[in-house]
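Following: one structure in structure tokens, then a few remarks.
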Amino acid sequence: MAREPLSPAKQKRLQKVFEHAVKKAEAASSPNDFDYVTDLLIQCVRGDPSNAIYIRAFLENLQKKYGNNRKGGPLAQFKERGARGTLKKALAQENWDEVIHQGLKVLVVNPWDLSVLIPMAKAASKSGDFDCELCYLKTALTGAPKDPKCNRLFAIALSERGLLDQAITFWRRVEEALPDNEEAKRAMSVLTVQKARSTGKFDEDDETTRKLRVRAQQQEDVTFEDRLRKKIQGDPENISLYMELAQFYITEERYHDAERQFEKAYELSNGDLDIREKWDDSQLRHLRQKITRAHDPATKKKLQNEYFQKDVTVCKNRVERYPNNLAFKYDLGYRYMKTKQYAEAIRELQGAKNDPRRKGSCMLLLGECFQLIKQYRLAMSHYTEAIQEIPDRDADNKRKSLYLAGRLALALKDLDVAEKHLTNLAGLDFTYKDVSKLLDKIAKLRENPESATVQESESTEPRADKDE
């Protein structure tokens with residue numbers, strides 16, 4: 001679905017920001033310079049996600065910042081976990097604008113991140129922003145020029161735009177990476193015939209073109225799925241064939257079919273845990289798809305409960321398999337909290353906080369857990385530590401920790417601490433939730449402590465943040 005056109009006033013405003021960013025980018029030399037340009041260009045891309053010029057400038061600025069190293073900043077793969085998780089959720093819900101919004105956060109730490117650029121390309125395509133789709137895919141290929149999945153998507157996008165020569169080139173890369181890939185062979189045959197016809201050089205009586213035409217027709221008549229199924233019939237004990245077919249179904253979002261192939265592969269492998277994990281991931285994707293497509297509220301709620309239970313089980317199994325992987329403990333703790341298993345969540349998060357990369361996030365979640373079980377002093381101490389540990393670049397969690405600490409301090413009648421945290425939050429984002437209202441309450445309580453109404457007292461009593 002194509003986007004609604006921007007108003008002339010908004011276009012003009014964004015263009016002014018863009019021109020200022022370009023001017024600053026030309027003189028950028030320090031990390032702070034590049035970061036300032038990044039902030040400006042993010043405003044442009046968010047304001048007009050269909051503008052490929054804004055996107056290219058945003059990516060080029062970041063690539064220049066990281067010296068075109070094709071890997072981004074240090075430990076980039078471990079950063080912006082919240083944005084990565086939200087992106088996956090938005091992708092499952094087909095919320096394309098949110099996919100772009102969260103993807104931009106991840107690209108700030110690694111503009112070549114394949115796992116983010118490909119979903120962003122899909123979001124652009126689904127929104128009708130086809131130039132943007134090519135931009136994201138081309139950037140992904142810069143970082144991973146031999147990746148077969150990315151080359152496949154780029155080849156398809158090029159062929160859809162009639163760029164047949166280029167499409168054939170990228171299908172050839174797929175074939176080089178995956179010599180047995182029937183889809184690549186079929187696509188190249190079909191595109192070669194289309195190219196011959198479009199240039200007027202397709203001679204029906206020419207032996208070479210006649211063979212191409214026959215081969216192309218055969219490739220069209222026998223799909224990749226059919227060919228793979230035929231291979232399985234000839235070699236029913238070959239686990240890799242079932243895995244390849246399952247992956248094909250996942251690409252096509254046919255998760256039910258993928259699950260059946262994983263089940264068969266798991267059975268043949270005598271319980272290979274790697275296959276089990278891929279099967280679990282497919283089941284979770286299938287449930288997310290069902291939730292997105294459900295219209296009846298009761299059905300949607302039932303599916304969500306099923307998803308949460310399955311998600312917790314999957315995370316629990318991975319913690320048991322990889323007991324030293326603190327990232328898995330963090331994921332399990334987060335899921336326990338979301339399913340209201342607070343004691344279990346606290347246990348896992350207290351273990352996960354030993355990972356310095358996510359200590360701040362762990363302290364924030366622990367604070368929420370303690371508040372939900374009415375251990376308010378413990379909650380406050382964890383919020384305070386979260387504020388100290390969460391880096392400024394993690395703006396979402398920084399704001400959240402300041403807000404929760406400030407509101408809880410207000411409920412506990414510690415006006416100095418409440419004012420400190422909420423004032424710091426207002427300095428970062430004065431529009432965050434009801435922070436301005438809470439600051440007004442503090443001022444009123446300082447002027448006349450007896451003037452606080454019952455309603456005000458009730459609204460600030462210690463409780464969990466319902467919006468989170």
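Within each chain, counting starts at residue 1; across the structure tokens, chains are named A, B, ... in the order shown, with ligands numbered 1 upward in that order.
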Among stretch 198-425 of chain A, which residues carry a DSSP assignment of helix (DSSP H, G or I), reported as a PyMOL selection string? chain A and resi 198+207-221+224-234+239-251+255-268+273-293+297-321+326-338+342-352+359-372+376-389+395-411+415-425
Determine, counting only C-alpha atoms, which protein, DNA and RNA residues have an atom within 12 Å of an atom of A:Lys420; residues of the same chain fewer than 5 positions away are not included. Present the result as a PyMOL selection string. chain A and resi 384+387+402-403+405-407+409-410+414-415+425-427+435+438-439+442
For the residues selected in the previous step, produce a file with C-alpha atoms as a PDB file, in the first residue's frame.
ATOM      1  CA  THR A 384      18.722   4.052  40.771  1.00  0.00           C
ATOM      2  CA  ILE A 387      19.943   5.005  35.731  1.00  0.00           C
ATOM      3  CA  LEU A 402      14.138   7.918  35.195  1.00  0.00           C
ATOM      4  CA  TYR A 403      10.354   7.951  34.906  1.00  0.00           C
ATOM      5  CA  ALA A 405      12.246   5.986  39.658  1.00  0.00           C
ATOM      6  CA  GLY A 406      10.710   9.445  39.799  1.00  0.00           C
ATOM      7  CA  ARG A 407       7.146   8.225  40.017  1.00  0.00           C
ATOM      8  CA  ALA A 409       9.855   8.194  44.747  1.00  0.00           C
ATOM      9  CA  LEU A 410       6.857  10.507  44.550  1.00  0.00           C
ATOM     10  CA  ASP A 414      10.515  11.317  48.758  1.00  0.00           C
ATOM     11  CA  LEU A 415      10.062  14.614  46.954  1.00  0.00           C
ATOM     12  CA  LEU A 425      13.829  13.182  32.456  1.00  0.00           C
ATOM     13  CA  ALA A 426      12.187  16.461  31.491  1.00  0.00           C
ATOM     14  CA  GLY A 427      15.572  17.692  30.335  1.00  0.00           C
ATOM     15  CA  VAL A 435       6.253  13.897  33.501  1.00  0.00           C
ATOM     16  CA  LEU A 438       4.130  14.880  38.035  1.00  0.00           C
ATOM     17  CA  LEU A 439       6.505  17.833  38.364  1.00  0.00           C
ATOM     18  CA  ILE A 442       5.728  17.979  43.381  1.00  0.00           C
TER      19      ILE A 442
END
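Look at A:Phe370: the protein and nucleic acid residues within 9 Å of it, using only C-alpha atoms and passing over chain neighbours fewer than 4 places away, are Tyr342, Ile346, Leu365, Leu366, Lys374, Gln375, Tyr376, Arg377, Leu378, Ala379, Met380 and His382 of chain A.
From atom CA of A:Asn151 back to atom CA of A:Asp165, the distance works out to 14.0 Å.
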Applying 10 Å and only C-alpha atoms, which residues near A:Leu284 remain after dropping the ones on its own chain fewer than 3 positions away? List them as a count of residues only. 15
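Atom pair atom CA of A:Val116 / atom CA of A:Tyr322 has a distance of 25.4 Å (rounded to one decimal).
In this comparison, which uses only C-alpha atoms, the residue of A:Ala155, A:Leu91, A:Gln371, A:Glu225 approaching A:Asn181 most closely is A:Glu225.
Using only C-alpha atoms, the smallest distance between any of A:Leu445, A:Leu178, A:Gly85, A:Ser7 and A:Tyr334 comes from A:Gly85.
For stretch 240-251 of chain A, the residues within 8 Å (counting only C-alpha atoms, excluding itself and residues fewer than 3 positions away along the chain) are Glu225, Leu228, Arg229, Lys231, Ile232, Arg254, Tyr255, Asp257, Ala258, Glu259, Arg260, Gln261, Phe262, Lys264, Ala265 and Ser282 of chain A.
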Write the residues you've just listed into a file as a PDB file, in the first residue's frame, and include N, CA and C atoms for each of them.
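Wrote again21.pdb, looks like this:
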ATOM      1  N   GLU A 225       9.825 -26.161  -5.162  1.00  0.00           N
ATOM      2  CA  GLU A 225       9.249 -27.059  -4.158  1.00  0.00           C
ATOM      3  C   GLU A 225       9.076 -28.475  -4.720  1.00  0.00           C
ATOM      4  N   LEU A 228      12.458 -30.240  -5.043  1.00  0.00           N
ATOM      5  CA  LEU A 228      13.012 -30.643  -3.757  1.00  0.00           C
ATOM      6  C   LEU A 228      12.251 -31.841  -3.200  1.00  0.00           C
ATOM      7  N   ARG A 229      10.959 -31.836  -3.386  1.00  0.00           N
ATOM      8  CA  ARG A 229      10.166 -32.987  -2.931  1.00  0.00           C
ATOM      9  C   ARG A 229      10.565 -34.252  -3.696  1.00  0.00           C
ATOM     10  N   LYS A 231      13.516 -34.861  -4.877  1.00  0.00           N
ATOM     11  CA  LYS A 231      14.797 -35.282  -4.322  1.00  0.00           C
ATOM     12  C   LYS A 231      14.592 -36.054  -3.014  1.00  0.00           C
ATOM     13  N   ILE A 232      13.655 -35.599  -2.218  1.00  0.00           N
ATOM     14  CA  ILE A 232      13.371 -36.275  -0.947  1.00  0.00           C
ATOM     15  C   ILE A 232      12.835 -37.682  -1.192  1.00  0.00           C
ATOM     16  N   ARG A 254       5.153 -20.000   5.024  1.00  0.00           N
ATOM     17  CA  ARG A 254       4.282 -21.183   5.132  1.00  0.00           C
ATOM     18  C   ARG A 254       4.787 -22.001   6.328  1.00  0.00           C
ATOM     19  N   TYR A 255       4.515 -21.477   7.501  1.00  0.00           N
ATOM     20  CA  TYR A 255       5.122 -22.030   8.698  1.00  0.00           C
ATOM     21  C   TYR A 255       4.588 -23.419   9.060  1.00  0.00           C
ATOM     22  N   ASP A 257       3.772 -25.789   7.000  1.00  0.00           N
ATOM     23  CA  ASP A 257       4.518 -26.736   6.163  1.00  0.00           C
ATOM     24  C   ASP A 257       5.960 -26.869   6.649  1.00  0.00           C
ATOM     25  N   ALA A 258       6.545 -25.751   7.081  1.00  0.00           N
ATOM     26  CA  ALA A 258       7.919 -25.791   7.587  1.00  0.00           C
ATOM     27  C   ALA A 258       8.014 -26.667   8.831  1.00  0.00           C
ATOM     28  N   GLU A 259       7.037 -26.556   9.713  1.00  0.00           N
ATOM     29  CA  GLU A 259       7.042 -27.350  10.942  1.00  0.00           C
ATOM     30  C   GLU A 259       7.038 -28.845  10.641  1.00  0.00           C
ATOM     31  N   ARG A 260       6.300 -29.257   9.640  1.00  0.00           N
ATOM     32  CA  ARG A 260       6.244 -30.677   9.296  1.00  0.00           C
ATOM     33  C   ARG A 260       7.596 -31.184   8.807  1.00  0.00           C
ATOM     34  N   GLN A 261       8.321 -30.341   8.075  1.00  0.00           N
ATOM     35  CA  GLN A 261       9.645 -30.747   7.600  1.00  0.00           C
ATOM     36  C   GLN A 261      10.659 -30.801   8.748  1.00  0.00           C
ATOM     37  N   PHE A 262      10.583 -29.831   9.655  1.00  0.00           N
ATOM     38  CA  PHE A 262      11.463 -29.859  10.818  1.00  0.00           C
ATOM     39  C   PHE A 262      11.181 -31.088  11.691  1.00  0.00           C
ATOM     40  N   LYS A 264      10.075 -33.972  10.724  1.00  0.00           N
ATOM     41  CA  LYS A 264      10.631 -35.157  10.067  1.00  0.00           C
ATOM     42  C   LYS A 264      12.151 -35.188  10.222  1.00  0.00           C
ATOM     43  N   ALA A 265      12.793 -34.039  10.023  1.00  0.00           N
ATOM     44  CA  ALA A 265      14.244 -33.970  10.171  1.00  0.00           C
ATOM     45  C   ALA A 265      14.656 -34.287  11.605  1.00  0.00           C
ATOM     46  N   SER A 282      10.286 -21.836  14.275  1.00  0.00           N
ATOM     47  CA  SER A 282       9.227 -21.874  13.260  1.00  0.00           C
ATOM     48  C   SER A 282       7.856 -21.880  13.919  1.00  0.00           C
TER      49      SER A 282
END
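Using only C-alpha atoms, the protein and nucleic acid residues lying no more than 10 Å from A:Ala83, apart from those fewer than 3 places from it along its own chain, are A:Lys79, A:Glu80, A:Thr86, A:Leu87, A:Lys88, A:Lys89, A:Val99, A:His101, A:Gln102, A:Gly103, A:Leu104, A:Lys105, A:Val106, A:Asp394, A:Asp396.
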Generate the output file for the selected residues, N, CA and C atoms, as a short mmCIF file (atom, residue, chain, number, x, y, z; two decimals), in the first residue's frame.
data_model
loop_
_atom_site.label_atom_id
_atom_site.label_comp_id
_atom_site.auth_asym_id
_atom_site.auth_seq_id
_atom_site.Cartn_x
_atom_site.Cartn_y
_atom_site.Cartn_z
N LYS A 79 24.30 -4.68 20.82
CA LYS A 79 23.67 -3.41 21.18
C LYS A 79 22.27 -3.29 20.56
N GLU A 80 21.49 -2.38 21.11
CA GLU A 80 20.13 -2.11 20.64
C GLU A 80 19.28 -3.38 20.63
N THR A 86 11.80 -5.27 19.25
CA THR A 86 10.60 -4.55 18.82
C THR A 86 10.44 -4.63 17.31
N LEU A 87 11.56 -4.60 16.58
CA LEU A 87 11.49 -4.74 15.12
C LEU A 87 10.90 -6.08 14.72
N LYS A 88 11.33 -7.14 15.38
CA LYS A 88 10.80 -8.48 15.06
C LYS A 88 9.30 -8.54 15.32
N LYS A 89 8.88 -7.94 16.42
CA LYS A 89 7.46 -7.92 16.74
C LYS A 89 6.68 -7.12 15.69
N VAL A 99 8.77 -1.02 11.76
CA VAL A 99 9.96 -1.76 11.33
C VAL A 99 11.06 -0.77 10.94
N HIS A 101 11.24 2.42 11.83
CA HIS A 101 11.58 3.23 13.01
C HIS A 101 12.60 2.51 13.89
N GLN A 102 12.36 1.24 14.18
CA GLN A 102 13.27 0.48 15.04
C GLN A 102 14.56 0.12 14.30
N GLY A 103 14.44 -0.14 12.99
CA GLY A 103 15.63 -0.47 12.21
C GLY A 103 16.64 0.65 12.20
N LEU A 104 16.17 1.88 12.15
CA LEU A 104 17.08 3.03 12.15
C LEU A 104 17.95 3.05 13.41
N LYS A 105 17.36 2.66 14.54
CA LYS A 105 18.11 2.65 15.80
C LYS A 105 19.27 1.66 15.73
N VAL A 106 19.02 0.50 15.11
CA VAL A 106 20.07 -0.52 15.02
C VAL A 106 21.14 -0.11 14.02
N ASP A 394 21.20 4.51 24.87
CA ASP A 394 19.98 3.71 25.02
C ASP A 394 18.89 4.62 25.58
N ASP A 396 15.66 5.08 25.14
CA ASP A 396 14.35 4.58 25.57
C ASP A 396 14.41 4.06 27.01
#
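With distances restricted to only C-alpha atoms, A:Ile100 is the closest residue to A:Ser127 from A:Ala140, A:Val108, A:Leu268, A:Ile100.
Here atom CA of A:Ser30 stands at a distance of 22.5 Å from atom CA of A:Asp113.
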